[in-house]
Amino acid sequence: MKCQDLLAMLNDYVDGDLAPGVCAELERHLAGCNPCQVVVDNIRKTITLYRAGQAYALPREFRERLHAALRERWKQAGNAGGGPR
Amino acid sequence: MTATDRDNRPDPASDADLVHRAKGGELAALETLVTRYETRVYSLALRILRHPHDAQDVTQQTFLSVMEHLTAFREEASFATWLLRIATHAALKVLRKRRGLETVSLEAATEPPADGESIPHPEYIADWRETPERLVEHQETRQMVELALGELDEKHRWVFLLRDVQGLSVKETAAALGLSEANVKVRLLRARLQLRETLTRAFGDPARRWAPHRHDADAAAPV
């Protein structure tokens, strides 16, 4: 396997979607290729970073407005077990 | 109903329980669901639209729509998947409206990639100085992370957001964006590689840097 091949399979490898045989071959390549090891590690950290940092704080006044709007709509719909169909 | 969507719920009341109670007319159950997901929906909308006011509109529309259609929600997918799909459609609708008078159409951003579109090769290869967990603790690194996301072409950004950040499957991402699964995979790879490149230039340790390898070469010999 060449570095170029690894790049093409990078998504499936990171997502755990590679067939076991191909995965073993890819890992043999990784064991002898430091740049590829680091690239895979960087990609994993990149994904973790965006997952961990996804929370933008909801502005407090917007949150209050949102919940008020939902309660108002709920009341208007006369919702007490009733609903569409 | 699928059993797989019921797993991984450490909270005392699962989403499914809350959905059932809300369907039964319990407003408090619905509000708990809203509280549980409002930040996630708002973050998704803000990262797609890059405009706080529009993101707030989308968040409100999303939850009003959830309330309106809850009794028709058949629970074939998880509540989170259903909710995020509604949020994505609401955000894309705002984009389409915004694009009405612009020259770049949304269709241009969702058309298949050109044949032979090359995959960008990693150039700056280095171990990061800090863990992702440490990096998100600092305001300036969080800004850097958002900046890198903002630099992505939107067709790549949306796929990355839905698949990697929101955790939708490739199939679900494809359905939400009206793309083929093959297209989603290509775009995801480009997004991941571009973000990796930008962030490694920012967070990489120059002392632990590797020269870019020859991509057509076999594995480099161990140093």
# chains A, B, ... in the order shown; residues from 1 in each chain; ligands from 1
>>> residues_around(residues="A:Ala69", least_positions_apart="5", cutoff="10 Å", atoms="only C-alpha atoms", output="list in words")
Arg63, Glu64, Trp74 and Lys75 of chain A; Gln60, Phe63 and Leu64 of chain B
>>> residues_around(residues="B:Arg47", least_positions_apart="4", cutoff="10 Å", atoms="only C-alpha atoms", output="list in words")
Gln54 and Tyr56 of chain A; Val41, Tyr42, Ser43, His51, Pro52, Ala55, Ala91, Glu146, Leu149, Gly150, Arg157, Trp158 and Leu161 of chain B
>>> atom_distance(atom1="atom CA of A:Arg73", atom2="atom CA of B:Met67")
8.6 Å
>>> interface_residues(of="chain A", to="chain B", cutoff="9 Å", atoms="only C-alpha atoms", output="PDB file with N, CA and C atoms, in the first residue's frame")
ATOM      1  N   MET A   1       0.840  -1.208   0.000  1.00  0.00           N
ATOM      2  CA  MET A   1       0.000   0.000   0.000  1.00  0.00           C
ATOM      3  C   MET A   1       0.871   1.254   0.000  1.00  0.00           C
ATOM      4  N   LYS A   2       0.413   2.271  -0.746  1.00  0.00           N
ATOM      5  CA  LYS A   2       1.157   3.532  -0.806  1.00  0.00           C
ATOM      6  C   LYS A   2       0.391   4.612  -0.043  1.00  0.00           C
ATOM      7  N   CYS A   3       1.089   5.693   0.259  1.00  0.00           N
ATOM      8  CA  CYS A   3       0.463   6.800   0.997  1.00  0.00           C
ATOM      9  C   CYS A   3      -0.791   7.291   0.271  1.00  0.00           C
ATOM     10  N   GLN A   4      -0.700   7.336  -1.048  1.00  0.00           N
ATOM     11  CA  GLN A   4      -1.822   7.789  -1.865  1.00  0.00           C
ATOM     12  C   GLN A   4      -3.056   6.898  -1.661  1.00  0.00           C
ATOM     13  N   ASP A   5      -2.825   5.592  -1.549  1.00  0.00           N
ATOM     14  CA  ASP A   5      -3.934   4.649  -1.330  1.00  0.00           C
ATOM     15  C   ASP A   5      -4.566   4.893   0.038  1.00  0.00           C
ATOM     16  N   LEU A   7      -4.717   7.657   1.625  1.00  0.00           N
ATOM     17  CA  LEU A   7      -5.507   8.886   1.564  1.00  0.00           C
ATOM     18  C   LEU A   7      -6.911   8.593   1.031  1.00  0.00           C
ATOM     19  N   ALA A   8      -6.968   7.738   0.019  1.00  0.00           N
ATOM     20  CA  ALA A   8      -8.266   7.406  -0.584  1.00  0.00           C
ATOM     21  C   ALA A   8      -9.161   6.634   0.389  1.00  0.00           C
ATOM     22  N   LEU A  10      -8.969   6.979   3.739  1.00  0.00           N
ATOM     23  CA  LEU A  10      -8.887   7.651   5.035  1.00  0.00           C
ATOM     24  C   LEU A  10     -10.238   7.743   5.746  1.00  0.00           C
ATOM     25  N   ASN A  11     -11.264   8.152   5.012  1.00  0.00           N
ATOM     26  CA  ASN A  11     -12.596   8.293   5.627  1.00  0.00           C
ATOM     27  C   ASN A  11     -13.069   6.979   6.219  1.00  0.00           C
ATOM     28  N   HIS A  29       0.814  -0.423   6.778  1.00  0.00           N
ATOM     29  CA  HIS A  29       1.430   0.771   6.174  1.00  0.00           C
ATOM     30  C   HIS A  29       1.683   1.826   7.248  1.00  0.00           C
ATOM     31  N   LEU A  30       0.669   2.060   8.067  1.00  0.00           N
ATOM     32  CA  LEU A  30       0.790   3.086   9.112  1.00  0.00           C
ATOM     33  C   LEU A  30       1.968   2.811  10.042  1.00  0.00           C
ATOM     34  N   ALA A  31       2.161   1.529  10.371  1.00  0.00           N
ATOM     35  CA  ALA A  31       3.220   1.167  11.318  1.00  0.00           C
ATOM     36  C   ALA A  31       4.597   1.598  10.810  1.00  0.00           C
ATOM     37  N   GLY A  32       4.723   1.709   9.475  1.00  0.00           N
ATOM     38  CA  GLY A  32       6.037   2.072   8.932  1.00  0.00           C
ATOM     39  C   GLY A  32       6.067   3.465   8.326  1.00  0.00           C
ATOM     40  N   CYS A  33       5.019   4.262   8.520  1.00  0.00           N
ATOM     41  CA  CYS A  33       4.961   5.579   7.852  1.00  0.00           C
ATOM     42  C   CYS A  33       4.523   6.651   8.843  1.00  0.00           C
ATOM     43  N   ASN A  34       5.493   7.326   9.420  1.00  0.00           N
ATOM     44  CA  ASN A  34       5.169   8.344  10.428  1.00  0.00           C
ATOM     45  C   ASN A  34       4.283   9.478   9.909  1.00  0.00           C
ATOM     46  N   PRO A  35       4.558  10.021   8.706  1.00  0.00           N
ATOM     47  CA  PRO A  35       3.684  11.113   8.241  1.00  0.00           C
ATOM     48  C   PRO A  35       2.216  10.677   8.157  1.00  0.00           C
ATOM     49  N   CYS A  36       1.968   9.462   7.655  1.00  0.00           N
ATOM     50  CA  CYS A  36       0.581   8.999   7.563  1.00  0.00           C
ATOM     51  C   CYS A  36      -0.041   8.824   8.950  1.00  0.00           C
ATOM     52  N   VAL A  38       0.639  10.527  11.569  1.00  0.00           N
ATOM     53  CA  VAL A  38       0.331  11.856  12.106  1.00  0.00           C
ATOM     54  C   VAL A  38      -0.902  12.444  11.409  1.00  0.00           C
ATOM     55  N   VAL A  39      -1.020  12.212  10.103  1.00  0.00           N
ATOM     56  CA  VAL A  39      -2.188  12.729   9.378  1.00  0.00           C
ATOM     57  C   VAL A  39      -3.468  12.100   9.942  1.00  0.00           C
ATOM     58  N   ASP A  41      -3.936  10.845  12.903  1.00  0.00           N
ATOM     59  CA  ASP A  41      -4.128  11.386  14.252  1.00  0.00           C
ATOM     60  C   ASP A  41      -4.682  12.820  14.197  1.00  0.00           C
ATOM     61  N   ASN A  42      -4.141  13.632  13.288  1.00  0.00           N
ATOM     62  CA  ASN A  42      -4.622  15.016  13.115  1.00  0.00           C
ATOM     63  C   ASN A  42      -6.098  15.040  12.742  1.00  0.00           C
ATOM     64  N   ILE A  43      -6.485  14.137  11.834  1.00  0.00           N
ATOM     65  CA  ILE A  43      -7.886  14.100  11.373  1.00  0.00           C
ATOM     66  C   ILE A  43      -8.809  13.740  12.541  1.00  0.00           C
ATOM     67  N   LYS A  45      -8.266  14.206  15.681  1.00  0.00           N
ATOM     68  CA  LYS A  45      -8.314  15.330  16.625  1.00  0.00           C
ATOM     69  C   LYS A  45      -9.168  16.473  16.075  1.00  0.00           C
ATOM     70  N   THR A  46      -9.107  16.656  14.756  1.00  0.00           N
ATOM     71  CA  THR A  46      -9.912  17.713  14.134  1.00  0.00           C
ATOM     72  C   THR A  46     -11.402  17.452  14.378  1.00  0.00           C
ATOM     73  N   ILE A  47     -11.813  16.215  14.161  1.00  0.00           N
ATOM     74  CA  ILE A  47     -13.230  15.866  14.357  1.00  0.00           C
ATOM     75  C   ILE A  47     -13.618  16.031  15.828  1.00  0.00           C
ATOM     76  N   THR A  48     -12.757  15.535  16.714  1.00  0.00           N
ATOM     77  CA  THR A  48     -13.029  15.659  18.154  1.00  0.00           C
ATOM     78  C   THR A  48     -13.169  17.125  18.552  1.00  0.00           C
ATOM     79  N   LEU A  49     -12.294  17.937  18.010  1.00  0.00           N
ATOM     80  CA  LEU A  49     -12.291  19.360  18.344  1.00  0.00           C
ATOM     81  C   LEU A  49     -13.625  20.026  17.976  1.00  0.00           C
ATOM     82  N   TYR A  50     -14.133  19.722  16.787  1.00  0.00           N
ATOM     83  CA  TYR A  50     -15.398  20.348  16.379  1.00  0.00           C
ATOM     84  C   TYR A  50     -16.579  19.788  17.156  1.00  0.00           C
ATOM     85  N   ARG A  51     -16.513  18.514  17.498  1.00  0.00           N
ATOM     86  CA  ARG A  51     -17.613  17.952  18.303  1.00  0.00           C
ATOM     87  C   ARG A  51     -17.613  18.569  19.690  1.00  0.00           C
ATOM     88  N   ALA A  52     -16.419  18.694  20.252  1.00  0.00           N
ATOM     89  CA  ALA A  52     -16.315  19.208  21.625  1.00  0.00           C
ATOM     90  C   ALA A  52     -16.696  20.681  21.688  1.00  0.00           C
ATOM     91  N   GLY A  53     -16.415  21.400  20.621  1.00  0.00           N
ATOM     92  CA  GLY A  53     -16.598  22.851  20.684  1.00  0.00           C
ATOM     93  C   GLY A  53     -17.837  23.336  19.963  1.00  0.00           C
ATOM     94  N   GLN A  54     -18.819  22.432  19.809  1.00  0.00           N
ATOM     95  CA  GLN A  54     -19.944  22.819  18.960  1.00  0.00           C
ATOM     96  C   GLN A  54     -20.906  23.808  19.607  1.00  0.00           C
ATOM     97  N   ALA A  55     -20.837  23.962  20.922  1.00  0.00           N
ATOM     98  CA  ALA A  55     -21.881  24.723  21.600  1.00  0.00           C
ATOM     99  C   ALA A  55     -21.650  26.229  21.562  1.00  0.00           C
ATOM    100  N   TYR A  56     -22.408  26.894  20.750  1.00  0.00           N
ATOM    101  CA  TYR A  56     -22.507  28.346  20.861  1.00  0.00           C
ATOM    102  C   TYR A  56     -23.554  28.589  21.941  1.00  0.00           C
ATOM    103  N   ALA A  57     -23.283  29.525  22.825  1.00  0.00           N
ATOM    104  CA  ALA A  57     -24.284  29.799  23.857  1.00  0.00           C
ATOM    105  C   ALA A  57     -25.505  30.458  23.213  1.00  0.00           C
ATOM    106  N   LEU A  58     -26.666  30.030  23.650  1.00  0.00           N
ATOM    107  CA  LEU A  58     -27.904  30.662  23.192  1.00  0.00           C
ATOM    108  C   LEU A  58     -28.030  31.995  23.929  1.00  0.00           C
ATOM    109  N   PHE A  62     -32.980  35.429  23.834  1.00  0.00           N
ATOM    110  CA  PHE A  62     -33.552  34.613  22.756  1.00  0.00           C
ATOM    111  C   PHE A  62     -34.148  33.327  23.330  1.00  0.00           C
ATOM    112  N   ARG A  63     -33.428  32.729  24.272  1.00  0.00           N
ATOM    113  CA  ARG A  63     -33.925  31.483  24.875  1.00  0.00           C
ATOM    114  C   ARG A  63     -35.291  31.724  25.531  1.00  0.00           C
ATOM    115  N   ARG A  65     -37.437  34.069  24.797  1.00  0.00           N
ATOM    116  CA  ARG A  65     -38.408  34.316  23.722  1.00  0.00           C
ATOM    117  C   ARG A  65     -38.851  33.006  23.074  1.00  0.00           C
ATOM    118  N   LEU A  66     -37.885  32.143  22.857  1.00  0.00           N
ATOM    119  CA  LEU A  66     -38.163  30.849  22.220  1.00  0.00           C
ATOM    120  C   LEU A  66     -39.154  30.039  23.056  1.00  0.00           C
ATOM    121  N   HIS A  67     -38.866  29.932  24.346  1.00  0.00           N
ATOM    122  CA  HIS A  67     -39.737  29.116  25.199  1.00  0.00           C
ATOM    123  C   HIS A  67     -41.118  29.764  25.342  1.00  0.00           C
ATOM    124  N   ALA A  69     -42.592  31.577  23.064  1.00  0.00           N
ATOM    125  CA  ALA A  69     -43.288  31.352  21.786  1.00  0.00           C
ATOM    126  C   ALA A  69     -43.839  29.930  21.719  1.00  0.00           C
ATOM    127  N   LEU A  70     -43.066  28.984  22.234  1.00  0.00           N
ATOM    128  CA  LEU A  70     -43.515  27.591  22.202  1.00  0.00           C
ATOM    129  C   LEU A  70     -44.726  27.392  23.121  1.00  0.00           C
ATOM    130  N   ARG A  71     -44.665  27.993  24.301  1.00  0.00           N
ATOM    131  CA  ARG A  71     -45.797  27.846  25.235  1.00  0.00           C
ATOM    132  C   ARG A  71     -47.052  28.482  24.652  1.00  0.00           C
ATOM    133  N   ARG A  73     -47.779  28.930  21.445  1.00  0.00           N
ATOM    134  CA  ARG A  73     -48.281  28.114  20.337  1.00  0.00           C
ATOM    135  C   ARG A  73     -48.990  26.856  20.867  1.00  0.00           C
ATOM    136  N   TRP A  74     -48.433  26.310  21.925  1.00  0.00           N
ATOM    137  CA  TRP A  74     -49.011  25.106  22.552  1.00  0.00           C
ATOM    138  C   TRP A  74     -50.422  25.405  23.062  1.00  0.00           C
ATOM    139  N   ALA A  77     -52.896  25.903  20.245  1.00  0.00           N
ATOM    140  CA  ALA A  77     -53.288  24.646  19.611  1.00  0.00           C
ATOM    141  C   ALA A  77     -54.232  23.855  20.520  1.00  0.00           C
ATOM    142  N   ASN A  79     -53.491  22.193  23.062  1.00  0.00           N
ATOM    143  CA  ASN A  79     -52.880  20.875  23.112  1.00  0.00           C
ATOM    144  C   ASN A  79     -53.026  20.231  24.475  1.00  0.00           C
ATOM    145  N   ALA A  80     -53.749  19.179  24.501  1.00  0.00           N
ATOM    146  CA  ALA A  80     -53.854  18.367  25.723  1.00  0.00           C
ATOM    147  C   ALA A  80     -54.158  16.961  25.263  1.00  0.00           C
ATOM    148  N   GLY A  81     -53.209  16.426  24.594  1.00  0.00           N
ATOM    149  CA  GLY A  81     -53.392  15.066  24.088  1.00  0.00           C
ATOM    150  C   GLY A  81     -53.920  15.058  22.672  1.00  0.00           C
ATOM    151  N   GLY A  82     -54.491  16.174  22.257  1.00  0.00           N
ATOM    152  CA  GLY A  82     -54.998  16.234  20.885  1.00  0.00           C
ATOM    153  C   GLY A  82     -53.858  16.543  19.953  1.00  0.00           C
ATOM    154  N   GLY A  83     -54.028  16.357  18.697  1.00  0.00           N
ATOM    155  CA  GLY A  83     -52.970  16.693  17.758  1.00  0.00           C
ATOM    156  C   GLY A  83     -53.385  16.256  16.383  1.00  0.00           C
ATOM    157  N   PRO A  84     -52.534  16.522  15.417  1.00  0.00           N
ATOM    158  CA  PRO A  84     -52.905  16.148  14.057  1.00  0.00           C
ATOM    159  C   PRO A  84     -53.093  14.643  13.923  1.00  0.00           C
ATOM    160  N   ARG A  85     -54.123  14.240  13.374  1.00  0.00           N
ATOM    161  CA  ARG A  85     -54.461  12.850  13.067  1.00  0.00           C
ATOM    162  C   ARG A  85     -54.303  11.923  14.238  1.00  0.00           C
TER     163      ARG A  85
END
>>> residues_around(residues="B:Ser169", least_positions_apart="6", cutoff="12 Å", atoms="only C-alpha atoms", output="ChimeraX atom specification")
/A:15,17 /B:77,81,85,159-163,175-176,181,184-185,188
>>> closest_residue(among="B:Ala182, B:Val19, B:Ala45, B:Ala207", to="B:Leu33", atoms="only C-alpha atoms")
B:Val19
>>> select_by_dssp(residues="chain A", states="helix (DSSP H, G or I)", output="ChimeraX atom specification")
/A:3-14,20-31,34-52,60-76
>>> select_by_dssp(residues="stretch 64-206 of chain B", states="strand (DSSP E or B)", output="list in words")
Ile125, Ala126, Asp127, Trp128, Gly204, Asp205 and Pro206 of chain B
>>> write_last_selection(atoms="all heavy atoms", output="compact mmCIF listing (two decimals), in the first residue's frame")
# COMPACT_ATOMS: atom_id res chain seq x y z
N ILE B 125 2.49 18.64 8.13
CA ILE B 125 2.23 17.44 8.93
C ILE B 125 3.01 17.54 10.23
O ILE B 125 4.24 17.57 10.23
CB ILE B 125 2.65 16.17 8.15
CG1 ILE B 125 1.85 16.09 6.84
CG2 ILE B 125 2.43 14.92 8.99
CD1 ILE B 125 2.34 15.00 5.89
N ALA B 126 2.28 17.64 11.32
CA ALA B 126 2.95 17.77 12.63
C ALA B 126 2.00 17.32 13.73
O ALA B 126 0.79 17.46 13.60
CB ALA B 126 3.36 19.21 12.87
N ASP B 127 2.57 16.79 14.81
CA ASP B 127 1.75 16.50 15.98
C ASP B 127 1.25 17.82 16.56
O ASP B 127 1.97 18.82 16.51
CB ASP B 127 2.59 15.77 17.04
CG ASP B 127 2.84 14.32 16.66
OD1 ASP B 127 1.86 13.63 16.35
OD2 ASP B 127 4.01 13.90 16.67
N TRP B 128 0.06 17.77 17.13
CA TRP B 128 -0.47 19.00 17.74
C TRP B 128 0.18 19.22 19.10
O TRP B 128 0.54 18.28 19.80
CB TRP B 128 -1.99 18.90 17.90
CG TRP B 128 -2.71 19.04 16.59
CD1 TRP B 128 -2.17 19.05 15.34
CD2 TRP B 128 -4.13 19.17 16.41
NE1 TRP B 128 -3.15 19.18 14.39
CE2 TRP B 128 -4.36 19.25 15.02
CE3 TRP B 128 -5.22 19.22 17.27
CZ2 TRP B 128 -5.64 19.39 14.48
CZ3 TRP B 128 -6.49 19.36 16.74
CH2 TRP B 128 -6.69 19.45 15.35
N GLY B 204 -0.01 22.84 15.23
CA GLY B 204 1.06 21.85 15.12
C GLY B 204 2.33 22.31 15.85
O GLY B 204 2.60 23.50 15.96
N ASP B 205 3.07 21.33 16.33
CA ASP B 205 4.32 21.60 17.02
C ASP B 205 5.46 21.55 16.00
O ASP B 205 5.76 20.48 15.47
CB ASP B 205 4.52 20.53 18.10
CG ASP B 205 5.79 20.76 18.91
OD1 ASP B 205 6.59 21.65 18.52
OD2 ASP B 205 5.96 20.06 19.91
N PRO B 206 6.10 22.70 15.68
CA PRO B 206 7.15 22.71 14.65
C PRO B 206 8.28 21.73 14.96
O PRO B 206 8.94 21.22 14.06
CB PRO B 206 7.67 24.15 14.68
CG PRO B 206 6.63 24.94 15.37
CD PRO B 206 5.90 24.01 16.31
